[in-house]
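One structure below.
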Amino acid sequence: MHSAMSLRSNSYSKMEMENFTKDNGSEASTRPAEDCGCGLPAAPADVTNNNGKPVANHCSIVMGGILNNPSLTFNDRVRSVDFVLVWEAGKDDATTEEAYEHRRIFEQNLENEGLQLEKEAPEELYGLHFIKIHAPLAVLRDYSEVLKLRMPMKECSKIRKGARTNAILNAAMYMSKFSALKDVHEKTNSLIDKIDECWDNVMSKIRVDPALFPERKHRLTAIYSKDKEYLFDTSAECFWTPSIRSRIVQFILDRKKFSESANDDFAFGITRLISNNTYSAAYPLHDGDLKTPGSMRHLLYTEWASVSKCLKYQPLDYVKDYFGVKIGLYFAWLGFYTHMLIPASLVGLICVIYSAATVYSNKPSEDICNYNSTIKMCPQCDYYCDFWDLKTTCLQSRITYLFDNPTTVFFAIFMSFWAACFLELWKRYSAEMTHRWDLTGFDVYEEHPRPQYLARLAHVKRTQLNVVTGEREPMVPFWRMRLPAALMSFSVVALLILLALATVLGVVLYRMSLLGANFLRQQDNVLITYSPIMFTTATAASINLVFICIFNYIYQFLAEWLTEKELLRTQTEFDDSLTLKIYLLQFVNYYASIFYIAFFKGKFVGRPGDYVRFFGHRQEECSPGGCLLELSIQLAIIMIGKQFINTVVEMMMPYVLKWWNILRTIGRKKRIKSPLQWVKDFKLVDFGNMGLFPEYLEMVLQYGFVTIFVAAFPLAPLFALINNVLEMRLDAKKFLTCYRRPVPQRVSDIGVWYRILDSIGKLSIITNGFIIAFTSEFIPRLVYQFTNGSMDQYVNHTLTDFRISVLGNLTKSTYNETMCSYPGYWHYKDGDDYEHTNWYWHVMGARLAFVVVFENVVALVMIIVRWAIPDMSGELRDRIRREAYVINSFIMEETRARSQARRSPPGEDGDESNWNHLASLSGSDFDLAAHGDHQDIRDLSKHVVTQPPEGSPGPEHV
């Protein structure tokens, strides 16, 4: 029974297994099948519980879908469906003679490559034609070697899982040998056991359930080689998992030609055939239904994607096995980021609670609320604004205090340290994950070139040897192709950034011109006439939102076009370049108006009688509550509103696209009903190469709100935490329910997003320092209290009285006084002339000094933090070294065993001689020798050992 399941799970036909045995017979290990190669017996094939039923393990869950879903196999119920192509007879472009010819040539080339095809065209599916693809064992072996996949080796006992030891406990155990300390040791040990037990009980509520998600057994891996297949555990049920199989098929589909014309360099790849409507879709299959148990998809849907499980840890190993490393690493990063938001949220909430508790003891705001003076404040605009009473801003001043108090400085410093710790701890955690997922040492240059890259360089005759892949590739002409593309890309991106800035400037001018226009005074609407600032702000924000939405689509299209022109070799390089472009444009798009409020609005307005005008318009002043209040409100609305809208759109859009896909294919009055998995998945939305981009972009923009402007809105981490707890599960549900299963991609980290996060962290130090120094009132209050010993009369100290005669264009008013108050440090000079007081320059000097001290102290502490937290733990570094040693030892033992089996006649020591040469190698020479080059080992070892005696025969294979 087990052998049948194993045959089914690996999707090998009997003929394939016979070929495999025949082809691999000369390379089979000389050790018995039950020997692990490192001295321990192999684990039994079946592990059962007390009821005699097989216990689920990691491998059985990964391969469970094929066993439980007949539609995941060909009609023979043995060969797995690794990929599906679809074309529609109802499309005019798909039924032309050229389309038929392209499909015939393309499918013929796939079969010539060794893939097996099975065609289906059920009558009840309205002209939909499905081509099921299966990758036989020979194709898997060939392309696993081509793609340099790291595959599990045979069991080996020399590697022990690293475990942290408690130095204090070890010392206590050593000291307990002395009789006087035995009782102390026993009591201490008992107390620690109880604490550990309580902690385990608490953590068991949020940890991944090991009964549902068995812990993956750690296996040593190495780059696959057909010639060294005796090193690998090819008999394992999940040696070639569905994810690996689909990735190999995708690699072939991207590179096969569909035309016999020699002139068309781009006549290859499934992507172009889909864009030409020759095919409608190409996708790997989900391994089962959402509602039917027995598949990993159902398990992940119920135990990971459910919002009710939002407080539990994520089963990241299984997410990686199902979706691939790229998506698995995204959810690992999102989970880590969400956990790191917990301390930031708590500290921010404590700061706001403290501010709310002390709001009525704040002397400046209470002075404003109790302000009594016959002199009113000067009008805030030229024509219709009236004189106003400072007391009316009582509520605004109290709200401002919530975000403008001494805790703001503390929280800004704390968040700067938090950002540094977040990135350093993520690098540490990422190193653990990449090692766990066999990506340690993975280099982007191990990737194969993009087909589009090779097609654009098809006419280039000059080639160069890629030292990593060992293949000759075309060399991009620097002056003729590389430099013009880079200059064009830089120029267009700079132009788009300037366009986004011009849009913000246009909105500012709109507000200025509307405030100074007669239009507002001529309206009968009371809201417009008496609340002009609110009216202009609302309309300007709407205009800004429209421009942001329009520019987003323009940016996306132009960024992809420019990146394609840059001739980037690999998909990772292409994605990183595209990501950087779009983020730069989105950064300006979303943050430009916030930077304007934080650092420019109200800073250069001048004084009554001598206002600084821009294009003839008086510049905007801050609202009566101050610019920091405006900045806080703007941040809160944009951040919370953006997260809410994005969540709704992200959840609704896939369903809309899914509905539109079906409607476009078969019409409104028809319905596709089929239990077959390859039909169900056709109705889902294509994931695409940029499927993760909007997810990362949303989170990184949120990270900017949390760090860059956190001094103005301490509750930002809390709202981000609440959003992310739900976002994580909603993203998981969306990927499982609405999208076709993506082809797994191999990446070593989160790519350019890490550099963006690092840049945001450094920028946040600068912005928070300037917000505290120049936007808030922290420094003026600090200087005043240091000089006078208290905050008495501080409000009066910040106001200057101006003669009304210096004002022009006064509106009709009942105010009869000759003076009005204006915030700022001015004094009367002579006539209508005023100038800054000495106090203004004292405060300005204090602001600049604070910025310098703040930036340097925070930067110094961040450097210390980064030095104190290494990128990789010592335990992991030792584990990697240990595994490398064990792998090399294992290869040497297997090689020696094979050499002894082919021992030379008595009296010749060729095998031993060559073994000595192999043992003398190290580093890259050993890896080269061990992984498939068929040259004599002595040629590699000449630089480390003496030349062996002439006539020593070399082995057939290393």
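Each chain in the structure tokens gets a letter, A, B and so on, in the order shown; residues start at 1 in every chain, and ligands are counted from 1 in the order they appear.
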
Pick out each residue of region 680-820 of chain A that DSSP on the backbone tags as strand (DSSP E); I need them as a ChimeraX atom specification.
-> /A:799-803,819-820

Which neighbours of region 410-415 of chain A fall inside 7 Å, counting only C-alpha atoms, when residues of the same chain fewer than 2 positions from it are skipped, and could you give them as a PyMOL selection string?
-> chain A and resi 348+406-408+417-419+707+710-711+768+858

Store the residues of this selection in a file with all heavy atoms, as an mmCIF file, in the first residue's frame.
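So the final result, stored in again.cif, reads:
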```
data_model
loop_
_atom_site.group_PDB
_atom_site.id
_atom_site.type_symbol
_atom_site.label_atom_id
_atom_site.label_comp_id
_atom_site.auth_asym_id
_atom_site.auth_seq_id
_atom_site.Cartn_x
_atom_site.Cartn_y
_atom_site.Cartn_z
ATOM 1 N N GLY A 348 3.824 54.323 22.345
ATOM 2 C CA GLY A 348 3.055 55.436 21.797
ATOM 3 C C GLY A 348 1.750 55.643 22.534
ATOM 4 O O GLY A 348 1.345 56.790 22.806
ATOM 5 N N PRO A 406 6.552 67.117 26.041
ATOM 6 C CA PRO A 406 7.875 66.490 26.207
ATOM 7 C C PRO A 406 7.935 65.012 25.811
ATOM 8 O O PRO A 406 8.985 64.517 25.402
ATOM 9 C CB PRO A 406 8.161 66.672 27.705
ATOM 10 C CG PRO A 406 7.412 67.912 28.072
ATOM 11 C CD PRO A 406 6.164 67.888 27.240
ATOM 12 N N THR A 407 6.800 64.283 25.938
ATOM 13 C CA THR A 407 6.833 62.872 25.549
ATOM 14 C C THR A 407 7.059 62.704 24.051
ATOM 15 O O THR A 407 7.486 61.636 23.598
ATOM 16 C CB THR A 407 5.522 62.167 25.941
ATOM 17 O OG1 THR A 407 4.424 62.771 25.242
ATOM 18 C CG2 THR A 407 5.288 62.275 27.445
ATOM 19 N N THR A 408 6.733 63.737 23.260
ATOM 20 C CA THR A 408 6.942 63.660 21.814
ATOM 21 C C THR A 408 8.412 63.454 21.492
ATOM 22 O O THR A 408 8.770 62.656 20.616
ATOM 23 C CB THR A 408 6.439 64.952 21.144
ATOM 24 O OG1 THR A 408 5.056 65.134 21.449
ATOM 25 C CG2 THR A 408 6.611 64.880 19.638
ATOM 26 N N PHE A 417 15.446 54.529 17.466
ATOM 27 C CA PHE A 417 16.116 53.310 17.921
ATOM 28 C C PHE A 417 15.332 52.076 17.465
ATOM 29 O O PHE A 417 15.920 51.064 17.072
ATOM 30 C CB PHE A 417 16.261 53.306 19.437
ATOM 31 C CG PHE A 417 17.074 54.453 19.970
ATOM 32 C CD1 PHE A 417 16.906 54.912 21.266
ATOM 33 C CD2 PHE A 417 18.021 55.085 19.167
ATOM 34 C CE1 PHE A 417 17.658 55.957 21.750
ATOM 35 C CE2 PHE A 417 18.775 56.138 19.650
ATOM 36 C CZ PHE A 417 18.596 56.583 20.939
ATOM 37 N N TRP A 418 14.011 52.177 17.540
ATOM 38 C CA TRP A 418 13.165 51.047 17.126
ATOM 39 C C TRP A 418 13.405 50.704 15.657
ATOM 40 O O TRP A 418 13.492 49.522 15.299
ATOM 41 C CB TRP A 418 11.697 51.407 17.353
ATOM 42 C CG TRP A 418 10.735 50.362 16.885
ATOM 43 C CD1 TRP A 418 10.268 49.306 17.601
ATOM 44 C CD2 TRP A 418 10.131 50.262 15.587
ATOM 45 N NE1 TRP A 418 9.404 48.559 16.836
ATOM 46 C CE2 TRP A 418 9.302 49.119 15.600
ATOM 47 C CE3 TRP A 418 10.212 51.032 14.430
ATOM 48 C CZ2 TRP A 418 8.557 48.728 14.485
ATOM 49 C CZ3 TRP A 418 9.468 50.646 13.326
ATOM 50 C CH2 TRP A 418 8.664 49.510 13.352
ATOM 51 N N ALA A 419 13.501 51.732 14.807
ATOM 52 C CA ALA A 419 13.725 51.487 13.386
ATOM 53 C C ALA A 419 15.058 50.792 13.155
ATOM 54 O O ALA A 419 15.157 49.871 12.335
ATOM 55 C CB ALA A 419 13.666 52.808 12.608
ATOM 56 N N THR A 707 7.377 55.917 10.936
ATOM 57 C CA THR A 707 8.715 56.372 11.344
ATOM 58 C C THR A 707 9.005 57.820 10.964
ATOM 59 O O THR A 707 9.481 58.591 11.798
ATOM 60 C CB THR A 707 9.789 55.470 10.718
ATOM 61 O OG1 THR A 707 9.607 55.428 9.299
ATOM 62 C CG2 THR A 707 9.709 54.065 11.274
ATOM 63 N N VAL A 710 6.404 60.204 12.905
ATOM 64 C CA VAL A 710 5.817 59.680 14.134
ATOM 65 C C VAL A 710 5.799 60.723 15.240
ATOM 66 O O VAL A 710 4.979 60.641 16.165
ATOM 67 C CB VAL A 710 6.582 58.416 14.584
ATOM 68 C CG1 VAL A 710 7.961 58.786 15.157
ATOM 69 C CG2 VAL A 710 5.792 57.607 15.575
ATOM 70 N N ALA A 711 6.677 61.737 15.184
ATOM 71 C CA ALA A 711 6.670 62.782 16.213
ATOM 72 C C ALA A 711 5.365 63.562 16.205
ATOM 73 O O ALA A 711 4.967 64.130 17.229
ATOM 74 C CB ALA A 711 7.846 63.735 15.997
ATOM 75 N N ASN A 768 12.108 63.800 12.013
ATOM 76 C CA ASN A 768 11.611 63.939 13.377
ATOM 77 C C ASN A 768 12.349 65.033 14.133
ATOM 78 O O ASN A 768 11.748 65.775 14.921
ATOM 79 C CB ASN A 768 11.726 62.606 14.124
ATOM 80 C CG ASN A 768 10.666 61.607 13.705
ATOM 81 O OD1 ASN A 768 9.488 61.939 13.635
ATOM 82 N ND2 ASN A 768 11.081 60.398 13.401
ATOM 83 N N VAL A 858 21.248 60.440 18.169
ATOM 84 C CA VAL A 858 20.465 59.307 17.674
ATOM 85 C C VAL A 858 21.281 58.481 16.684
ATOM 86 O O VAL A 858 21.269 57.247 16.717
ATOM 87 C CB VAL A 858 19.153 59.798 17.029
ATOM 88 C CG1 VAL A 858 18.410 58.639 16.382
ATOM 89 C CG2 VAL A 858 18.278 60.470 18.077
#
```

Compile the contact shell of Leu311 (chain A) as JSON, numbers by chain: residues with an atom at most 9 Å away, counting only C-alpha atoms, same-chain residues fewer than 5 positions apart removed.
-> {"A": [205, 206, 725]}

For the residues selected in the previous step, produce a file with C-alpha atoms as a JSON list (two decimals), in the first residue's frame.
```
[["chain", "number", "residue", "atom", "x", "y", "z"],
["A", 205, "LYS", "CA", -2.30, 29.14, 22.56],
["A", 206, "ILE", "CA", -0.56, 31.13, 19.83],
["A", 725, "VAL", "CA", -2.99, 41.80, 12.18]]
```

Proximity check region 97-141 of chain A to region 279-298 of chain A, 12 Å, nearest pairs one decimal Å, only C-alpha atoms, as CSV:
```
residue,atom,partner,partner_atom,distance
A:Ala99,CA,A:Tyr279,CA,8.7
A:Tyr100,CA,A:Tyr279,CA,10.2
A:His102,CA,A:Tyr279,CA,9.9
A:Arg103,CA,A:Tyr279,CA,8.2
A:Arg104,CA,A:Tyr279,CA,11.8
A:Phe106,CA,A:Tyr279,CA,11.0
A:Glu107,CA,A:Tyr279,CA,11.6
A:Leu128,CA,A:Ser280,CA,9.4
A:His129,CA,A:Tyr279,CA,9.4
A:Phe130,CA,A:Ala281,CA,9.6
A:Ile131,CA,A:Ala282,CA,9.4
A:Lys132,CA,A:Pro284,CA,9.7
A:Ile133,CA,A:Pro284,CA,9.4
A:His134,CA,A:Pro284,CA,10.7
```

Which residue out of A:Leu299, A:Val743, A:Ala500, A:Leu115 has the minimum interatomic distance to Arg247 (chain A) when only C-alpha atoms are used?
->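 Distance minimum relative to Arg247 (chain A) lands on A:Val743.
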
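Separating CA of Leu505 (chain A) from CA of Ile597 (chain A) is a distance of 11.9 Å.
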
Could you pull the residues within 7 Å of region 867-881 of chain A, counting only C-alpha atoms, minus those fewer than 4 positions along the same chain, as a ChimeraX atom specification?
-> /A:162,424,427-428,431,863,885

Write to file, as a CSV table (one decimal), in the first residue's frame, the residues of the selection just made, with N, CA and C atoms.
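Result went into selection_36.csv, see below:
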```csv
chain,number,residue,atom,x,y,z
A,162,GLY,N,21.0,22.9,16.5
A,162,GLY,CA,21.6,23.8,17.5
A,162,GLY,C,20.5,24.1,18.5
A,424,GLU,N,18.0,45.6,12.0
A,424,GLU,CA,19.0,44.7,12.4
A,424,GLU,C,18.5,43.3,12.8
A,427,LYS,N,17.4,41.4,9.7
A,427,LYS,CA,18.5,40.7,9.0
A,427,LYS,C,18.9,39.4,9.8
A,428,ARG,N,18.8,39.5,11.1
A,428,ARG,CA,19.2,38.3,11.9
A,428,ARG,C,18.1,37.2,11.6
A,431,ALA,N,18.3,35.8,8.1
A,431,ALA,CA,19.4,34.8,8.0
A,431,ALA,C,18.9,33.4,8.4
A,863,ILE,N,24.3,53.5,15.4
A,863,ILE,CA,25.5,52.8,15.0
A,863,ILE,C,25.9,51.8,16.1
A,885,TYR,N,30.6,21.2,6.8
A,885,TYR,CA,31.6,20.2,7.1
A,885,TYR,C,30.9,18.8,6.9
```

Long-range neighbours of region 250-257 of chain A as a tab-separated table (two decimals) with all heavy atoms, in the first residue's frame, 6 Å cut-off, only C-alpha atoms, 5 positions minimum in chain:
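Saved result, result19.tsv, follows:
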```tsv
chain	number	residue	atom	x	y	z
A	267	ALA	N	9.90	35.48	-30.95
A	267	ALA	CA	8.87	34.45	-31.16
A	267	ALA	C	9.09	33.29	-30.20
A	267	ALA	O	9.35	32.16	-30.62
A	267	ALA	CB	8.88	33.99	-32.61
A	268	PHE	N	9.02	33.54	-28.94
A	268	PHE	CA	9.18	32.49	-27.94
A	268	PHE	C	8.44	32.90	-26.68
A	268	PHE	O	8.13	34.07	-26.47
A	268	PHE	CB	10.66	32.27	-27.61
A	268	PHE	CG	11.30	33.43	-26.91
A	268	PHE	CD1	11.28	33.53	-25.53
A	268	PHE	CD2	11.90	34.46	-27.63
A	268	PHE	CE1	11.85	34.61	-24.88
A	268	PHE	CE2	12.47	35.53	-26.99
A	268	PHE	CZ	12.44	35.61	-25.61
A	269	GLY	N	8.15	31.91	-25.85
A	269	GLY	CA	7.63	32.19	-24.52
A	269	GLY	C	6.11	32.21	-24.46
A	269	GLY	O	5.43	32.74	-25.34
A	270	ILE	N	5.60	31.65	-23.38
A	270	ILE	CA	4.15	31.60	-23.17
A	270	ILE	C	3.59	32.99	-22.91
A	270	ILE	O	2.41	33.26	-23.21
A	270	ILE	CB	3.84	30.65	-21.98
A	270	ILE	CG1	2.34	30.40	-21.87
A	270	ILE	CG2	4.39	31.20	-20.69
A	270	ILE	CD1	1.73	29.72	-23.06
```

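With only C-alpha atoms as the atoms that count, the residue of A:Leu701, A:Leu736, A:Cys421, A:Phe574 with the shortest distance to Pro343 (chain A) is A:Cys421.
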
Name the closest residue to Val62 (chain A) among the candidates A:Ser243, A:Gln314, A:Ser632, A:Asn816; distances are taken between atoms, counting only C-alpha atoms.
->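 Between A:Ser243, A:Gln314, A:Ser632, A:Asn816, the residue approaching Val62 (chain A) most closely is A:Ser243.
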
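Among the candidate residues A:Ile722, A:Met728, A:Ile804, A:Val208, the one lying nearest to Thr818 (chain A) is A:Ile804, with distances computed using only C-alpha atoms.
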
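When only C-alpha atoms are used to measure the gap to Cys369 (chain A), the shortest distance among A:Ile582, A:Val249, A:Leu390, A:Leu329 belongs to A:Leu390.
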
List the neighbours of Ala849 (chain A) out to 12 Å using only C-alpha atoms; skip same-chain residues closer than 2 positions along the sequence, and give me the result as an MDAnalysis selection string.
-> chainID A and resid 769:770 773:774 779 783 842:847 851:856

CA of Asn362 (chain A) sits from CA of Phe713 (chain A) at a separation of 19.0 Å

Nearest-residue call for Leu757 (chain A), choices A:Gly704, A:Pro214, A:Gly64, A:Gly606, using only C-alpha atoms | A:Gly704

Counting only C-alpha atoms, what is within 9 Å of Leu316 (chain A), bar same-chain residues fewer than 2 positions away, as a list in words?
->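 These residues fall inside the cut-off: Tyr313, Gln314, Tyr318, Val319, Lys320, Asp321, Gly328, Leu329, Phe331 and Ala332 of chain A.
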
Export of the given selection (N, CA, C and O atoms) as a PDB file, in the first residue's frame:
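Saved the output as again_37.pdb:
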```
ATOM      1  N   TYR A 313       0.656  32.206  15.460  1.00  0.00           N
ATOM      2  CA  TYR A 313       1.801  32.269  14.564  1.00  0.00           C
ATOM      3  C   TYR A 313       1.430  31.679  13.204  1.00  0.00           C
ATOM      4  O   TYR A 313       0.476  30.915  13.069  1.00  0.00           O
ATOM      5  N   GLN A 314       2.215  32.033  12.203  1.00  0.00           N
ATOM      6  CA  GLN A 314       1.971  31.542  10.855  1.00  0.00           C
ATOM      7  C   GLN A 314       2.765  30.253  10.596  1.00  0.00           C
ATOM      8  O   GLN A 314       3.927  30.163  11.010  1.00  0.00           O
ATOM      9  N   TYR A 318       5.044  25.760   5.658  1.00  0.00           N
ATOM     10  CA  TYR A 318       4.021  25.257   4.742  1.00  0.00           C
ATOM     11  C   TYR A 318       3.622  26.315   3.721  1.00  0.00           C
ATOM     12  O   TYR A 318       3.289  25.989   2.583  1.00  0.00           O
ATOM     13  N   VAL A 319       3.619  27.577   4.135  1.00  0.00           N
ATOM     14  CA  VAL A 319       3.364  28.661   3.181  1.00  0.00           C
ATOM     15  C   VAL A 319       4.437  28.672   2.105  1.00  0.00           C
ATOM     16  O   VAL A 319       4.159  28.810   0.910  1.00  0.00           O
ATOM     17  N   LYS A 320       5.685  28.487   2.526  1.00  0.00           N
ATOM     18  CA  LYS A 320       6.793  28.448   1.558  1.00  0.00           C
ATOM     19  C   LYS A 320       6.667  27.241   0.637  1.00  0.00           C
ATOM     20  O   LYS A 320       6.913  27.331  -0.578  1.00  0.00           O
ATOM     21  N   ASP A 321       6.279  26.099   1.178  1.00  0.00           N
ATOM     22  CA  ASP A 321       6.145  24.904   0.341  1.00  0.00           C
ATOM     23  C   ASP A 321       5.022  25.048  -0.667  1.00  0.00           C
ATOM     24  O   ASP A 321       5.090  24.480  -1.764  1.00  0.00           O
ATOM     25  N   GLY A 328       6.558  33.230   0.693  1.00  0.00           N
ATOM     26  CA  GLY A 328       6.816  32.841   2.071  1.00  0.00           C
ATOM     27  C   GLY A 328       7.630  33.878   2.819  1.00  0.00           C
ATOM     28  O   GLY A 328       7.368  34.176   3.987  1.00  0.00           O
ATOM     29  N   LEU A 329       8.616  34.467   2.129  1.00  0.00           N
ATOM     30  CA  LEU A 329       9.452  35.481   2.763  1.00  0.00           C
ATOM     31  C   LEU A 329       8.672  36.768   3.002  1.00  0.00           C
ATOM     32  O   LEU A 329       8.917  37.479   3.984  1.00  0.00           O
ATOM     33  N   PHE A 331       5.431  36.935   3.816  1.00  0.00           N
ATOM     34  CA  PHE A 331       4.631  36.729   5.027  1.00  0.00           C
ATOM     35  C   PHE A 331       5.522  36.624   6.265  1.00  0.00           C
ATOM     36  O   PHE A 331       5.100  37.017   7.364  1.00  0.00           O
ATOM     37  N   ALA A 332       6.742  36.121   6.103  1.00  0.00           N
ATOM     38  CA  ALA A 332       7.676  36.117   7.236  1.00  0.00           C
ATOM     39  C   ALA A 332       8.028  37.548   7.634  1.00  0.00           C
ATOM     40  O   ALA A 332       8.058  37.883   8.830  1.00  0.00           O
TER      41      ALA A 332
END
```
